[in-house]
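Text of the file data_36.tsv, holding TSV, C-alpha atoms:
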chain	number	residue	atom	x	y	z
A	83	ARG	CA	-86.20	-35.65	-0.62
A	84	LEU	CA	-84.12	-33.09	-2.39
A	85	GLY	CA	-87.03	-30.70	-2.70
A	86	ILE	CA	-87.11	-28.06	-5.39
A	87	LEU	CA	-83.57	-28.79	-6.61
A	88	ARG	CA	-84.86	-31.98	-8.23
A	89	LYS	CA	-86.56	-29.71	-10.78
A	90	THR	CA	-83.14	-28.62	-12.01
A	91	CYS	CA	-81.58	-32.05	-12.32
A	92	TYR	CA	-78.62	-32.77	-14.54
A	93	PHE	CA	-80.33	-33.98	-17.69
A	94	GLU	CA	-83.11	-31.41	-17.63
A	95	ILE	CA	-80.59	-28.58	-17.29
A	96	VAL	CA	-78.58	-29.87	-20.27
A	97	ASN	CA	-81.74	-29.71	-22.40
A	98	MET	CA	-82.69	-26.30	-21.05
A	99	ILE	CA	-79.27	-24.86	-21.86
A	100	GLU	CA	-79.61	-26.08	-25.43
A	101	ASN	CA	-83.17	-24.81	-25.89
A	102	ASP	CA	-83.76	-21.98	-23.46
A	103	LYS	CA	-81.80	-18.78	-22.91
A	104	ASP	CA	-83.48	-18.27	-19.53
A	105	ILE	CA	-81.63	-21.17	-17.85
A	106	GLU	CA	-79.55	-18.81	-15.68
A	107	LEU	CA	-82.64	-17.13	-14.27
A	108	ASP	CA	-84.37	-20.49	-13.68
A	109	LEU	CA	-81.35	-21.87	-11.85
A	110	GLU	CA	-80.94	-18.73	-9.77
A	111	ASN	CA	-84.62	-18.74	-8.78
A	112	ASN	CA	-84.42	-22.38	-7.72
A	113	VAL	CA	-81.33	-21.80	-5.58
A	114	VAL	CA	-82.91	-18.76	-3.94
A	115	SER	CA	-86.01	-20.85	-3.18
A	116	ILE	CA	-83.91	-23.65	-1.66
A	117	LEU	CA	-81.99	-21.31	0.61
A	118	HIS	CA	-85.05	-19.34	1.64
A	119	ASP	CA	-86.65	-22.67	2.53
A	120	LEU	CA	-83.61	-23.51	4.67
A	121	LYS	CA	-83.82	-20.09	6.32
A	122	ASN	CA	-87.55	-20.37	6.98
A	123	ARG	CA	-87.52	-23.96	8.28
A	124	ILE	CA	-84.35	-23.89	10.34
A	125	ILE	CA	-82.53	-20.61	10.76
A	126	ASN	CA	-85.59	-18.55	11.66
A	127	ASP	CA	-86.09	-20.79	14.72
A	128	LEU	CA	-82.66	-19.76	15.95
A	129	TYR	CA	-83.22	-16.06	15.27
A	130	LYS	CA	-86.73	-16.06	16.80
A	131	GLU	CA	-85.19	-16.95	20.15
A	132	ILE	CA	-83.11	-13.79	20.11
A	133	ASN	CA	-85.39	-10.84	20.80
A	134	GLU	CA	-86.29	-9.03	17.57
A	135	ALA	CA	-83.37	-10.62	15.71
A	136	GLU	CA	-83.62	-10.92	11.95
A	137	LEU	CA	-81.57	-12.51	9.17
A	138	ILE	CA	-81.88	-10.93	5.73
A	139	PHE	CA	-80.80	-13.12	2.82
A	140	SER	CA	-80.33	-12.15	-0.81
A	141	VAL	CA	-78.84	-13.39	-4.08
A	142	ASP	CA	-77.99	-10.54	-6.39
A	143	ILE	CA	-75.53	-9.08	-8.87
A	144	ASN	CA	-72.52	-7.16	-7.64
A	145	GLU	CA	-73.11	-3.97	-9.62
A	146	LYS	CA	-69.45	-2.93	-9.55
A	147	ASN	CA	-68.31	-6.33	-10.79
A	148	PRO	CA	-71.13	-8.54	-12.16
A	149	PHE	CA	-68.72	-11.47	-12.61
A	150	LYS	CA	-67.33	-11.45	-9.07
A	151	LEU	CA	-67.68	-14.77	-7.24
A	152	GLU	CA	-68.50	-13.81	-3.67
A	153	ALA	CA	-70.52	-14.51	-0.57
A	154	HIS	CA	-70.33	-12.48	2.62
A	155	ALA	CA	-72.05	-11.85	5.93
A	156	SER	CA	-72.53	-8.46	7.54
A	157	ILE	CA	-73.96	-7.00	10.73
A	158	ILE	CA	-76.43	-4.22	9.95
A	159	SER	CA	-77.10	-3.45	13.63
A	160	ASP	CA	-76.34	-4.92	17.05
A	161	ASN	CA	-79.47	-3.85	18.89
A	162	PRO	CA	-81.74	-5.24	17.69
A	163	TYR	CA	-79.75	-7.85	15.78
A	164	ARG	CA	-79.96	-7.30	12.03
A	165	HIS	CA	-77.79	-9.69	10.05
A	166	LYS	CA	-77.38	-10.05	6.31
A	167	ILE	CA	-76.03	-12.81	4.06
A	168	PHE	CA	-75.30	-11.98	0.42
A	169	ILE	CA	-74.41	-14.48	-2.33
A	170	SER	CA	-73.52	-13.25	-5.79
A	171	ARG	CA	-75.44	-14.54	-8.78
A	172	ALA	CA	-72.13	-15.17	-10.56
A	173	LEU	CA	-71.09	-17.55	-7.77
A	174	ILE	CA	-74.26	-19.64	-8.07
A	175	LEU	CA	-73.93	-19.98	-11.84
A	176	ASN	CA	-70.20	-20.68	-11.77
A	177	LEU	CA	-70.58	-23.40	-9.14
A	178	TYR	CA	-73.28	-25.09	-11.19
A	179	ASP	CA	-70.98	-25.12	-14.24
A	180	GLU	CA	-68.07	-26.58	-12.26
A	181	ILE	CA	-69.99	-29.39	-10.56
A	182	HIS	CA	-71.61	-30.28	-13.89
A	183	ASN	CA	-68.16	-30.43	-15.55
A	184	LEU	CA	-66.76	-32.43	-12.62
A	185	PHE	CA	-69.38	-35.14	-12.99
A	186	GLN	CA	-68.77	-35.37	-16.73
A	187	PHE	CA	-65.05	-35.79	-15.97
A	188	ILE	CA	-65.64	-38.45	-13.28
A	189	LEU	CA	-67.91	-40.50	-15.53
A	190	GLU	CA	-65.58	-40.29	-18.54
A	191	ASP	CA	-62.08	-40.38	-17.03
A	192	CYS	CA	-62.17	-41.75	-13.46
A	193	ASP	CA	-62.33	-45.40	-12.49
A	194	ASP	CA	-64.57	-44.95	-9.44
A	195	PRO	CA	-66.23	-48.25	-8.33
A	196	TYR	CA	-69.04	-46.17	-6.81
A	197	PHE	CA	-70.32	-45.51	-10.33
A	198	ASN	CA	-69.86	-49.05	-11.66
A	199	ASN	CA	-73.04	-49.97	-13.54
A	200	ALA	CA	-74.64	-46.74	-12.31
A	201	ASN	CA	-77.91	-45.85	-13.96
A	202	GLU	CA	-78.98	-42.34	-14.91
A	203	GLU	CA	-80.96	-41.94	-11.69
A	204	LYS	CA	-77.96	-42.59	-9.42
A	205	ILE	CA	-75.77	-40.16	-11.37
A	206	LYS	CA	-78.52	-37.57	-11.35
A	207	ILE	CA	-79.13	-37.85	-7.60
A	208	ASN	CA	-75.42	-37.52	-6.77
A	209	LEU	CA	-75.06	-34.44	-8.95
A	210	GLU	CA	-78.16	-32.91	-7.36
A	211	MET	CA	-76.96	-33.70	-3.84
A	212	SER	CA	-73.55	-32.17	-4.56
A	213	LEU	CA	-75.19	-28.97	-5.76
A	214	PHE	CA	-77.58	-29.13	-2.82
A	215	PHE	CA	-74.62	-29.33	-0.41
A	216	ILE	CA	-72.59	-26.60	-2.13
A	217	TYR	CA	-75.32	-23.97	-1.91
A	218	HIS	CA	-76.19	-24.93	1.66
A	219	PHE	CA	-72.52	-24.91	2.67
A	220	ILE	CA	-71.99	-21.36	1.39
A	221	PHE	CA	-75.09	-20.14	3.23
A	222	LEU	CA	-74.23	-22.02	6.47
A	223	HIS	CA	-70.58	-20.89	6.34
A	224	GLU	CA	-71.69	-17.25	6.23
A	225	LEU	CA	-74.30	-17.92	8.94
A	226	ASN	CA	-71.56	-19.26	11.21
A	227	HIS	CA	-69.54	-16.07	10.78
A	228	LEU	CA	-72.56	-14.26	12.24
A	229	ILE	CA	-73.65	-16.56	15.06
A	230	GLN	CA	-70.07	-17.28	16.18
A	231	ASN	CA	-69.25	-13.54	16.50
A	232	HIS	CA	-66.44	-13.73	13.92
A	233	ILE	CA	-67.14	-10.29	12.51
A	234	LYS	CA	-66.71	-8.72	15.94
A	235	VAL	CA	-63.52	-10.58	16.75
A	236	ARG	CA	-62.06	-9.45	13.42
A	237	GLY	CA	-62.63	-5.81	14.38
A	238	GLU	CA	-59.61	-3.67	15.20
A	239	ASN	CA	-60.53	-3.17	18.88
A	240	LYS	CA	-60.91	-6.89	19.55
A	241	ILE	CA	-57.74	-7.75	17.63
A	242	ASN	CA	-55.79	-5.39	19.89
A	243	GLU	CA	-57.23	-7.14	22.97
A	244	ILE	CA	-55.94	-10.54	21.90
A	245	ASN	CA	-52.61	-11.25	23.54
A	246	ALA	CA	-50.83	-13.19	20.80
A	247	HIS	CA	-47.03	-13.12	20.68
A	248	VAL	CA	-46.86	-12.08	17.04
A	249	ASN	CA	-46.98	-8.78	15.18
A	250	LEU	CA	-50.33	-7.17	14.39
A	251	GLU	CA	-50.34	-8.17	10.70
A	252	GLU	CA	-49.65	-11.84	11.45
A	253	LYS	CA	-52.16	-11.84	14.30
A	254	GLN	CA	-54.86	-10.42	12.03
A	255	LYS	CA	-54.10	-13.03	9.34
A	256	ASN	CA	-54.17	-15.88	11.90
A	257	ILE	CA	-57.52	-14.65	13.26
A	258	TYR	CA	-58.95	-14.60	9.73
A	259	HIS	CA	-57.63	-18.10	9.06
A	260	VAL	CA	-58.95	-19.61	12.27
A	261	THR	CA	-62.41	-18.02	11.91
A	262	GLU	CA	-62.70	-19.21	8.30
A	263	LEU	CA	-61.86	-22.75	9.41
A	264	SER	CA	-64.33	-22.49	12.29
A	265	ALA	CA	-67.08	-21.34	9.91
A	266	ASP	CA	-66.30	-24.35	7.66
A	267	ALA	CA	-66.52	-26.76	10.61
A	268	GLY	CA	-69.77	-25.20	11.80
A	269	ALA	CA	-71.34	-25.41	8.34
A	270	ILE	CA	-70.46	-29.12	8.10
A	271	ALA	CA	-72.01	-29.81	11.53
A	272	PHE	CA	-75.23	-27.98	10.60
A	273	TYR	CA	-75.50	-29.80	7.28
A	274	PHE	CA	-75.04	-33.33	8.61
A	275	TYR	CA	-77.37	-32.70	11.53
A	276	HIS	CA	-80.24	-31.56	9.36
A	277	ARG	CA	-79.76	-34.23	6.68
A	278	PHE	CA	-79.94	-37.00	9.30
A	279	LYS	CA	-82.78	-35.23	11.06
A	280	ASP	CA	-84.71	-35.75	7.81
A	281	PHE	CA	-83.78	-39.47	7.89
A	282	ASN	CA	-84.96	-39.85	11.49
A	283	THR	CA	-88.20	-37.99	10.74
A	284	ASN	CA	-88.96	-40.37	7.85
A	285	LYS	CA	-88.18	-43.31	10.11
A	286	GLU	CA	-90.49	-42.05	12.88
A	287	GLN	CA	-93.28	-41.47	10.37
A	288	GLY	CA	-93.02	-45.06	9.15
A	289	LYS	CA	-91.79	-44.07	5.70
A	290	ILE	CA	-88.83	-46.49	5.93
A	291	ASN	CA	-89.41	-50.26	6.06
A	292	GLU	CA	-87.64	-51.90	8.99
A	293	GLU	CA	-85.98	-54.55	6.80
A	294	ASP	CA	-84.59	-51.84	4.48
A	295	GLU	CA	-83.55	-49.42	7.22
A	296	ALA	CA	-79.86	-50.40	7.57
A	297	SER	CA	-79.19	-50.35	3.81
A	298	ILE	CA	-81.01	-47.02	3.42
A	299	TYR	CA	-79.02	-45.58	6.34
A	300	LEU	CA	-75.69	-46.70	4.85
A	301	SER	CA	-76.70	-45.45	1.41
A	302	ALA	CA	-77.64	-42.05	2.89
A	303	LEU	CA	-74.40	-41.83	4.89
A	304	THR	CA	-72.34	-42.78	1.83
A	305	GLY	CA	-74.11	-40.41	-0.55
A	306	ILE	CA	-74.12	-37.43	1.82
A	307	THR	CA	-70.44	-37.88	2.70
A	308	ARG	CA	-69.34	-38.19	-0.94
A	309	CYS	CA	-71.33	-35.15	-2.01
A	310	VAL	CA	-69.92	-33.12	0.90
A	311	MET	CA	-66.38	-34.00	-0.20
A	312	TRP	CA	-66.99	-33.41	-3.92
A	313	GLY	CA	-68.68	-30.11	-3.20
A	314	GLY	CA	-66.25	-29.06	-0.47
A	315	ALA	CA	-63.19	-29.74	-2.63
A	316	ILE	CA	-64.71	-27.85	-5.58
A	317	ILE	CA	-65.38	-24.78	-3.44
A	318	MET	CA	-61.98	-24.76	-1.72
A	319	TYR	CA	-59.89	-25.11	-4.86
A	320	LEU	CA	-61.95	-23.02	-7.24
A	321	PHE	CA	-62.30	-19.86	-5.18
A	322	TYR	CA	-58.92	-19.62	-3.46
A	323	GLU	CA	-57.90	-15.98	-3.85
A	324	ASP	CA	-55.75	-15.63	-6.99
A	325	LYS	CA	-55.49	-19.41	-7.52
A	326	ASP	CA	-51.76	-19.32	-6.76
A	327	PHE	CA	-51.54	-22.77	-5.19
A	328	THR	CA	-47.73	-22.69	-5.09
A	329	ARG	CA	-47.67	-20.25	-2.20
A	330	ASP	CA	-46.60	-21.37	1.26
A	331	LEU	CA	-49.31	-22.12	3.77
A	332	SER	CA	-48.62	-19.01	5.78
A	333	GLU	CA	-48.60	-16.58	2.86
A	334	SER	CA	-52.32	-16.42	2.08
A	335	THR	CA	-54.14	-13.47	3.54
A	336	THR	CA	-57.79	-13.87	4.53
A	337	HIS	CA	-58.43	-17.54	3.67
A	338	PRO	CA	-56.29	-20.62	4.46
A	339	HIS	CA	-54.87	-22.76	1.69
A	340	PRO	CA	-57.46	-25.20	0.19
A	341	PHE	CA	-55.48	-28.12	1.58
A	342	ILE	CA	-55.79	-26.78	5.11
A	343	ARG	CA	-59.52	-26.22	4.71
A	344	LEU	CA	-59.97	-29.71	3.28
A	345	MET	CA	-58.03	-31.18	6.20
A	346	CYS	CA	-60.38	-29.41	8.60
A	347	ILE	CA	-63.45	-30.56	6.68
A	348	CYS	CA	-62.10	-34.15	6.54
A	349	ASN	CA	-61.49	-34.22	10.28
A	350	ARG	CA	-64.87	-32.66	11.07
A	351	VAL	CA	-66.67	-35.12	8.78
A	352	LYS	CA	-64.81	-38.03	10.39
A	353	SER	CA	-65.73	-36.84	13.88
A	354	ILE	CA	-69.40	-36.75	12.80
A	355	ILE	CA	-69.38	-40.14	11.03
A	356	ILE	CA	-67.78	-42.12	13.89
A	357	PRO	CA	-70.80	-41.73	16.22
A	358	LEU	CA	-73.20	-42.12	13.28
A	359	PHE	CA	-71.49	-45.43	12.49
A	360	SER	CA	-72.48	-46.73	15.94
A	361	TYR	CA	-75.94	-47.25	14.40
A	362	PHE	CA	-74.63	-50.56	12.98
A	363	LYS	CA	-73.77	-51.89	16.50
A	364	ILE	CA	-70.52	-53.60	15.47
A	365	GLU	CA	-69.26	-55.24	18.67
A	366	ASN	CA	-65.79	-56.15	17.39
A	367	LYS	CA	-63.86	-52.85	17.66
A	368	GLU	CA	-61.11	-53.94	15.27
A	369	LYS	CA	-63.71	-54.83	12.66
A	370	GLU	CA	-65.47	-51.50	13.23
A	371	LYS	CA	-62.20	-49.62	12.76
A	372	GLU	CA	-61.47	-51.59	9.58
A	373	LEU	CA	-64.92	-50.74	8.17
A	374	LEU	CA	-64.56	-47.08	9.18
A	375	ASP	CA	-61.14	-46.81	7.50
A	376	LYS	CA	-62.60	-48.35	4.35
A	377	PHE	CA	-65.55	-45.94	4.49
A	378	PHE	CA	-63.22	-42.93	4.95
A	379	HIS	CA	-61.03	-44.00	2.02
A	380	GLU	CA	-63.90	-44.64	-0.40
A	381	ASN	CA	-66.14	-41.72	0.53
A	382	ILE	CA	-63.76	-38.98	1.71
A	383	TYR	CA	-60.38	-39.39	0.02
A	384	VAL	CA	-61.50	-40.85	-3.32
A	385	PRO	CA	-63.91	-37.95	-4.04
A	386	ILE	CA	-61.23	-35.41	-3.08
A	387	GLY	CA	-58.78	-37.19	-5.39
A	388	GLU	CA	-61.27	-36.99	-8.24
A	389	VAL	CA	-61.64	-33.23	-7.80
A	390	VAL	CA	-57.85	-32.86	-7.73
A	391	GLU	CA	-57.54	-34.87	-10.97
A	392	PHE	CA	-60.29	-32.71	-12.48
A	393	PHE	CA	-58.37	-29.51	-11.70
A	394	LYS	CA	-55.09	-31.04	-12.86
A	395	ASN	CA	-56.82	-31.84	-16.14
A	396	LYS	CA	-57.76	-28.16	-16.41
A	397	SER	CA	-54.15	-27.16	-15.58
A	398	ILE	CA	-55.34	-25.18	-12.55
A	399	ILE	CA	-53.17	-27.25	-10.22
A	400	ASN	CA	-50.21	-29.57	-10.73
A	401	ASN	CA	-48.53	-32.44	-8.88
A	402	ASN	CA	-46.71	-30.05	-6.55
A	403	THR	CA	-49.85	-28.24	-5.45
A	404	ALA	CA	-52.38	-31.05	-5.24
A	405	PHE	CA	-53.81	-32.85	-2.25
A	406	PRO	CA	-51.92	-33.91	-0.21
A	407	PHE	CA	-50.11	-30.60	-0.40
A	408	LYS	CA	-46.32	-30.30	-0.30
A	409	PHE	CA	-45.62	-27.67	2.30
A	410	ASN	CA	-42.84	-25.85	0.40
A	411	GLY	CA	-40.61	-25.71	3.44
A	412	VAL	CA	-43.26	-24.32	5.80
A	413	ASP	CA	-43.44	-26.22	9.07
A	414	GLU	CA	-47.10	-27.27	9.11
A	415	PHE	CA	-46.98	-28.13	12.80
A	416	ASP	CA	-45.74	-24.63	13.60
A	417	TYR	CA	-48.56	-23.22	11.47
A	418	PHE	CA	-51.19	-25.24	13.34
A	419	ASP	CA	-49.64	-24.41	16.69
A	420	LYS	CA	-50.11	-20.74	15.90
A	421	LEU	CA	-53.73	-21.35	14.95
A	422	ARG	CA	-54.34	-23.33	18.15
A	423	LYS	CA	-52.88	-20.53	20.28
A	424	ILE	CA	-55.01	-17.92	18.53
A	425	TRP	CA	-58.07	-20.17	18.92
A	426	ILE	CA	-57.48	-20.49	22.68
A	427	ASP	CA	-57.26	-16.68	22.89
A	428	ILE	CA	-60.33	-15.86	20.82
A	429	LYS	CA	-62.73	-18.65	21.84
A	430	PRO	CA	-63.79	-16.90	25.10
A	431	ILE	CA	-64.41	-13.70	23.10
A	432	LEU	CA	-66.58	-15.57	20.60
A	433	LEU	CA	-68.70	-16.96	23.45
A	434	GLU	CA	-68.85	-13.68	25.37
A	435	ASP	CA	-72.43	-12.32	25.37
A	436	ASN	CA	-73.21	-14.70	22.51
A	437	LEU	CA	-76.97	-15.18	22.72
A	438	PHE	CA	-76.95	-17.50	19.70
A	439	MET	CA	-74.53	-20.04	21.17
A	440	HIS	CA	-76.44	-20.04	24.47
A	441	SER	CA	-79.86	-20.38	22.84
A	442	GLU	CA	-82.30	-23.21	23.43
A	443	TYR	CA	-82.03	-24.09	19.73
A	444	ILE	CA	-78.27	-24.72	20.01
A	445	ARG	CA	-78.65	-26.63	23.30
A	446	LYS	CA	-81.43	-28.82	21.89
A	447	THR	CA	-79.61	-29.63	18.65
A	448	ASN	CA	-76.14	-29.84	20.22
A	449	LEU	CA	-74.92	-27.54	17.44
A	450	ASN	CA	-72.54	-25.33	19.37
A	451	THR	CA	-70.47	-24.73	16.28
A	452	ILE	CA	-67.73	-22.95	18.18
A	453	ASP	CA	-67.01	-26.22	19.99
A	454	SER	CA	-67.40	-27.90	16.60
A	455	PHE	CA	-64.11	-26.38	15.50
A	456	ASP	CA	-62.25	-28.18	18.30
A	457	PHE	CA	-62.94	-31.43	16.41
A	458	ALA	CA	-61.60	-29.95	13.19
A	459	LEU	CA	-58.42	-28.78	14.92
A	460	ASP	CA	-57.63	-32.34	15.96
A	461	PHE	CA	-54.85	-32.66	13.40
A	462	GLY	CA	-51.92	-34.54	14.94
A	463	GLN	CA	-51.45	-37.99	13.48
A	464	GLN	CA	-54.66	-37.80	11.39
A	465	ALA	CA	-53.20	-34.97	9.34
Show me this structure written as structure tokens.
Amino acid sequence: RLGILRKTCYFEIVNMIENDKDIELDLENNVVSILHDLKNRIINDLYKEINEAELIFSVDINEKNPFKLEAHASIISDNPYRHKIFISRALILNLYDEIHNLFQFILEDCDDPYFNNANEEKIKINLEMSLFFIYHFIFLHELNHLIQNHIKVRGENKINEINAHVNLEEKQKNIYHVTELSADAGAIAFYFYHRFKDFNTNKEQGKINEEDEASIYLSALTGITRCVMWGGAIIMYLFYEDKDFTRDLSESTTHPHPFIRLMCICNRVKSIIIPLFSYFKIENKEKEKELLDKFFHENIYVPIGEVVEFFKNKSIINNNTAFPFKFNGVDEFDYFDKLRKIWIDIKPILLEDNLFMHSEYIRKTNLNTIDSFDFALDFGQQA
């Protein structure tokens, strides 16, 4: 089910590192194959609907800085659409190292009931799925910058059109923050949709026994959610600008604080899981809420906590900068109010002449990822 990534599973990679100097190239080639497969099976359908549109994808070395951890999306031309997503080789290798180290830490130092009496196969599958999510998330995050028109709305002309009651510098920063969060929310929606599409396809093809269906469904929901949170937390904390986690929420420039991004991801994941949970047909609403709360705690907050402990152990973060974040005097509600106001202003611009969001593919899959961000902005009491 995990495709080509299974070839680079945890234990095989350990042996390859010890015995083979070409591990980096092997890993890179496998990741490129996985993402090209995603592009060919899924994303090309979306681009084919837009006349002569094309998405170019590459993994390469940044020649100016070979060790730079980066991924970015760019518009090569508007007519016809030519889009490009670039992921640096250094990012792929660094993420592999971190998720590998995280799992070693969890198994040695964390008392997680999920891994009680776990055999090698369960550990291996969870590590693979976490890597699988991480690489897909990066690709889908950059894709959402393109199909949601973020690059255009970040342009100087569009920024000047937006009537926000703040100075230009703050307006630009808020636009960057809200579009990054929207790309996160869109990536999560894409990922869950296509993972459960695979489940439904297997079910329709008779590959899942009826008596085993409910347990397989719960196992899939649990595993996917945990791996999304492990992978999401790793990405957010590891690649946050200059890793100065003591800064106030409003001080970061292009990307929101990891805590803010994790809050958005948590809320978006919750909003996806609640309807998926209806599969179990629990008639007692209080019981359903109790089971959902338990599921959220075990499969969203526990994995995030394990990543936080992992980074504390590495002295990258401390008790004052961990999740949940202490806001250092910044009024978080004021911060979110600003983001909501900017979002209300820019959402019509993102949808304006947006052939992607009005495509048959988006209508059929219900993956309007601009609307997806409205779920993630539902902070309030949940936050």
Within 10 Å of region 173-189 of chain A using all atoms listed in the file, minus same-chain residues under 6 positions, as an mmCIF file with C-alpha atoms, in the frame of the given file:
data_model
loop_
_atom_site.group_PDB
_atom_site.id
_atom_site.type_symbol
_atom_site.label_atom_id
_atom_site.label_comp_id
_atom_site.auth_asym_id
_atom_site.auth_seq_id
_atom_site.Cartn_x
_atom_site.Cartn_y
_atom_site.Cartn_z
ATOM 1 C CA TYR A 92 -78.620 -32.770 -14.540
ATOM 2 C CA ILE A 95 -80.590 -28.580 -17.290
ATOM 3 C CA VAL A 96 -78.580 -29.870 -20.270
ATOM 4 C CA ILE A 105 -81.630 -21.170 -17.850
ATOM 5 C CA GLU A 106 -79.550 -18.810 -15.680
ATOM 6 C CA LEU A 107 -82.640 -17.130 -14.270
ATOM 7 C CA LEU A 109 -81.350 -21.870 -11.850
ATOM 8 C CA GLU A 110 -80.940 -18.730 -9.770
ATOM 9 C CA VAL A 113 -81.330 -21.800 -5.580
ATOM 10 C CA VAL A 114 -82.910 -18.760 -3.940
ATOM 11 C CA VAL A 141 -78.840 -13.390 -4.080
ATOM 12 C CA ASP A 142 -77.990 -10.540 -6.390
ATOM 13 C CA ILE A 143 -75.530 -9.080 -8.870
ATOM 14 C CA PHE A 149 -68.720 -11.470 -12.610
ATOM 15 C CA LYS A 150 -67.330 -11.450 -9.070
ATOM 16 C CA LEU A 151 -67.680 -14.770 -7.240
ATOM 17 C CA GLU A 152 -68.500 -13.810 -3.670
ATOM 18 C CA ALA A 153 -70.520 -14.510 -0.570
ATOM 19 C CA PHE A 197 -70.320 -45.510 -10.330
ATOM 20 C CA ASN A 198 -69.860 -49.050 -11.660
ATOM 21 C CA ALA A 200 -74.640 -46.740 -12.310
ATOM 22 C CA ILE A 205 -75.770 -40.160 -11.370
ATOM 23 C CA LYS A 206 -78.520 -37.570 -11.350
ATOM 24 C CA ASN A 208 -75.420 -37.520 -6.770
ATOM 25 C CA LEU A 209 -75.060 -34.440 -8.950
ATOM 26 C CA GLU A 210 -78.160 -32.910 -7.360
ATOM 27 C CA SER A 212 -73.550 -32.170 -4.560
ATOM 28 C CA LEU A 213 -75.190 -28.970 -5.760
ATOM 29 C CA ILE A 216 -72.590 -26.600 -2.130
ATOM 30 C CA TYR A 217 -75.320 -23.970 -1.910
ATOM 31 C CA ILE A 220 -71.990 -21.360 1.390
ATOM 32 C CA TRP A 312 -66.990 -33.410 -3.920
ATOM 33 C CA GLY A 313 -68.680 -30.110 -3.200
ATOM 34 C CA ILE A 316 -64.710 -27.850 -5.580
ATOM 35 C CA ILE A 317 -65.380 -24.780 -3.440
ATOM 36 C CA LEU A 320 -61.950 -23.020 -7.240
ATOM 37 C CA PHE A 321 -62.300 -19.860 -5.180
ATOM 38 C CA PRO A 385 -63.910 -37.950 -4.040
ATOM 39 C CA GLU A 388 -61.270 -36.990 -8.240
ATOM 40 C CA VAL A 389 -61.640 -33.230 -7.800
ATOM 41 C CA GLU A 391 -57.540 -34.870 -10.970
ATOM 42 C CA PHE A 392 -60.290 -32.710 -12.480
ATOM 43 C CA PHE A 393 -58.370 -29.510 -11.700
ATOM 44 C CA ASN A 395 -56.820 -31.840 -16.140
#
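The interatomic distance for the pair CA of Ile356 (chain A) and CA of Asp294 (chain A) works out to 21.6 Å.
Reported to one decimal place, the separation of CA of Ser170 (chain A) from CA of Ala135 (chain A) is 23.8 Å.
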What does the structure give for the distance between CA of Phe272 (chain A) and CA of Asn226 (chain A), in Å to one decimal?
9.5 Å
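The smallest atom-to-atom distance between Ile257 (chain A) and any of A:His339, A:His223, A:Lys234, A:His154, using all atoms listed in the file, is found for A:Lys234.
Near Glu442 (chain A), within 10 Å and counting only C-alpha atoms, sit Asp127, Leu128, Glu131, Leu437, Phe438, Lys446, Thr447 and Asn448 of chain A, not including residues fewer than 4 positions from it in the same chain.
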Please determine, counting all atoms listed in the file, which residue among A:Phe378, A:Tyr273, A:Phe359, A:Tyr258 has the shortest atom-to-atom distance to Ile428 (chain A).
A:Tyr258
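With distances restricted to only C-alpha atoms, A:Tyr129 is the closest residue to Arg164 (chain A) from A:Phe221, A:Phe214, A:Tyr129, A:Phe278.
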Counting all atoms listed in the file, which residue out of A:Asn436, A:Asn112, A:Ser454, A:Asn284 sits closest to Leu263 (chain A)?
A:Ser454
Shell of 8 Å around Asn256 (chain A), only C-alpha atoms, local chain residues under 5 positions omitted, as a list of chain:residue names:
A:Lys420, A:Leu421, A:Ile424
Met311 (chain A) surroundings by all atoms listed in the file, 7 Å radius, close-in-sequence under 4 positions cut, as a tab-separated table (two decimals) with C-alpha atoms, keeping the file's coordinate frame:
chain	number	residue	atom	x	y	z
A	307	THR	CA	-70.44	-37.88	2.70
A	315	ALA	CA	-63.19	-29.74	-2.63
A	382	ILE	CA	-63.76	-38.98	1.71
A	385	PRO	CA	-63.91	-37.95	-4.04
A	386	ILE	CA	-61.23	-35.41	-3.08
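Comparing A:Phe341, A:Tyr443, A:Ile158, A:Glu434 by their smallest distance to Val390 (chain A), the closest is A:Phe341 (using only C-alpha atoms).
Closest approach to Thr336 (chain A) among A:His379, A:Lys394, A:Lys279, A:His259: A:His259, based on all atoms listed in the file.
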Within 10 Å of Leu120 (chain A), counting all atoms listed in the file, which residues qualify if same-chain residues fewer than 5 places away don't, as an MDAnalysis selection string?
chainID A and resid 114:115 125:126 218 221:222 276
